[in-house]
Amino acid sequence: MTGWVKKVMFEQYKDIWQRRELLYYLVVSDLKAQHRNKVLGFLWNFLNPLLLMGTYIVLVVFIFDMGGPKFPVLLFCAILAWRWFTVSMERSVKSVTSKVSVVQTTRFPLAVLPLAMIMTGLVDYVAGFVILIPLLFIFDATWSVNVLWLPLLILVQLVGTIGASLICAVWGTYLSDWEDILQFVLRLWFYLSPILYSVSDRVPERYETVFWLNPFAALLESYKNILVRGEPPSEYMVVPAAMAVMVFLIGSWYFAREERKLVKAI
Amino acid sequence: MEVVKARDLGIRFNVGKRRLISARSLVASGLRRIRDESEEFWALRHVNFTINRGDTVGIIGRNGSGKSTLLRVIGRIYPPDEGEVMVRGSVSTQFSLGAGFQAELSGVDNIYLNGILMGLSKKEIDGMLDDIIDFAGIGEFINMPVKTYSTGMHSRLGFAIAINVHRDIVLIDEILGVGDAEFYERCEKRLESLIGERTILLVSHNMESIKKFSNRVIWIDKGHIVTQGEPDDVIAQYLGS
């Protein structure tokens with residue numbers, strides 16, 4: 001057991017740590033290249049979640065006539081975090097195959113490819129606060145010291161996303177169908193997570209226990225609690241925290257096992 | 001001193017209907033199982049050779065004979081499926097030119113990205129940057145996105161990086177045929193200056209350049225070494241086959 005942990009965790013991440021400059025360069029070149037061709041350039045980083053929020057406001061407020069006075073800012077909170085996750089997953093699926101020529105000519109820890117996608121997403125996520133903070137004022141959010149929980153919530157999401165993305169990167173390489181499957185999984189997951197609604201006002205009581213098994217239930221509600229409602233994180237945060245660690249361990253182990261085989265499978 | 005040593009080396013690929021099979025039996029078995037069901041193909045098998053420090057080894061053979069696979073093994077990309085391989089020292093693995101180029105970024109940005117991919121630090125690249133830019137000789141284009149490059153400029157930059165990055169073992173895969181006559185001459189000169197100083201593996205279909213640079217030649221066919229030794233002998237046999 002200890003030997004296993006040492007090999008998977010220690011050695012793999014030591015390798016990655018030694019190549020952190022590579023990770024940094026991948027993220028920077030990704031960010032540079034991302035919106036290079038577009039007239040609005042980096043503004044898209046802000047426009048993207050804003051427009052998405054606008055679309056859902058039309059859906060929920062005007063079509064379904066729901067959502068309270070703070071709905072837009074609660075929605076934006078959840079969308080920002082959710083987008084970080086989905087974009088990381090979607091891009092991780094192709095992270096190895098899209099770099100085929102590099103992967104087949106240069107030896108480096110392949111895990112940096114999905115990791116770079118996650119870090120790029122994290123930069124976008126943090127940049128989203130430039131929009132979120134004014135929204136918090138506009139919609140009269142309740143401030144409290146609970147905001148200090150934010151780094152911890154981000155850490156939980158980061159750890160879980162790393163694990164899930166590593167698994168996605170392997171499956172996406174072996175199986176091109178995985179990309180299509182993932183799209184539907186994420187779509188369904190989106191509706192099952194408290195993004196367009198909050199757990200307290202939409203989820204029937206008898207399903208609530210099951211509902212909390214979705215790690216994004218507690219995670220997204222906690223983001224909303226600490227940022228908008230001025231409350232502590234959800235008491236169910238233990239679910240996403242435990243799952244994140246588990247998925248991280250499994251993903252890291254699985255990726256380490258498959259890494260060199262991936263190169264041949266492309 | 002031996003820098004590369006392969007003993008009974010074998011590299012196996014799973015080919016055939018992998019994707020179709022995998023989609024069908026995904027539910028029944030794990031991803032791992034599926035891949036074992038597909039057909040096997042040995043890109044290299046029972047390969048034995050030794051390369052000493054300072055050697056320039058020419059690798060020849062028909063298309064699909066396993067030459068590039070061999071370079072990938074030495075570049076530590078493929079672990080052996082059979083036998084053993086020992087590689088001592090750092091390897092310049094940029095053997096397909098401009099492999100890691102990010103089309104949206106400038107030439108300079110790509111030099112950094114490539115160098116760092118090869119395991120250099122930013123500082124080391126800072127020191128090589130001028131040499132690489134000089135050698136590529138593509139003028140103002142070095143600050144333009146790589147997607148605006150012509151094929152020739154693309155290869156020039158790729159070769160400039162590969163040849164100017166200081167590594168113990170340099171792998172060159174059919175890249176002497178790039179660029180115009182002037183650039184070709186410069187490549188040859190640069191290569192000549194490296195001979196003896198570094199260990200070089202050269203894959204080429206151009207027997208003239210193989211003869212000119214190599215002190216040993218390995219002829220591969222269908223994943224096996226047919227013969228290896230003196231360039232003139234091996235090339236004569238290869239051409240006579």
# chains A, B, ... in the order shown; residues from 1 in each chain; ligands from 1
>>> residues_around(residues="region 187-189 of chain A", least_positions_apart="2", cutoff="12 Å", atoms="only C-alpha atoms", output="PyMOL selection string")
chain A and resi 82-83+85-86+90+180-185+191-196+211+214-217
>>> closest_atom_pairs(of="chain A", to="chain B", cutoff="6 Å", atoms="only C-alpha atoms", output="Markdown table")
| residue | atom | partner | partner_atom | distance |
| --- | --- | --- | --- | --- |
| A:Leu22 | CA | B:Ile116 | CA | 5.7 |
| A:Ala33 | CA | B:Glu104 | CA | 5.4 |
| A:Ser101 | CA | B:Ala99 | CA | 5.2 |
| A:Val102 | CA | B:Gly100 | CA | 4.9 |
| A:Thr105 | CA | B:Thr93 | CA | 5.7 |
| A:Thr106 | CA | B:Thr93 | CA | 5.5 |
| A:Arg107 | CA | B:Ile77 | CA | 5.5 |
>>> write_last_selection(atoms="C-alpha atoms", output="PDB file, in the first residue's frame")
ATOM      1  CA  LEU A  22       6.340  23.299 -18.965  1.00  0.00           C
ATOM      2  CA  ALA A  33      -3.675  31.452 -28.430  1.00  0.00           C
ATOM      3  CA  SER A 101       2.922  15.034 -32.890  1.00  0.00           C
ATOM      4  CA  VAL A 102       4.422  16.312 -29.645  1.00  0.00           C
ATOM      5  CA  THR A 105       8.361  12.895 -30.396  1.00  0.00           C
ATOM      6  CA  THR A 106       9.048  14.232 -26.935  1.00  0.00           C
ATOM      7  CA  ARG A 107       9.248  12.560 -23.588  1.00  0.00           C
TER       8      ARG A 107
END
>>> atom_distance(atom1="CA of Val61 (chain A)", atom2="CA of Trp44 (chain A)")
24.5 Å
>>> residues_around(residues="Arg7 (chain B)", least_positions_apart="5", cutoff="8 Å", atoms="only C-alpha atoms", output="VMD selection string")
chain B and resid 46 to 49 83 to 85
>>> write_last_selection(atoms="C-alpha atoms", output="mmCIF file, in the first residue's frame")
data_model
loop_
_atom_site.group_PDB
_atom_site.id
_atom_site.type_symbol
_atom_site.label_atom_id
_atom_site.label_comp_id
_atom_site.auth_asym_id
_atom_site.auth_seq_id
_atom_site.Cartn_x
_atom_site.Cartn_y
_atom_site.Cartn_z
ATOM 1 C CA HIS B 46 14.826 -9.086 -31.788
ATOM 2 C CA VAL B 47 16.767 -5.909 -32.377
ATOM 3 C CA ASN B 48 20.300 -5.743 -30.987
ATOM 4 C CA PHE B 49 22.720 -2.890 -31.368
ATOM 5 C CA GLY B 83 13.994 -7.041 -24.287
ATOM 6 C CA GLU B 84 15.831 -4.060 -22.922
ATOM 7 C CA VAL B 85 17.100 -0.715 -23.979
#
>>> closest_residue(among="A:Phe71, A:Tyr24, A:Phe46, A:Phe108", to="Val58 (chain A)", atoms="only C-alpha atoms")
A:Phe71
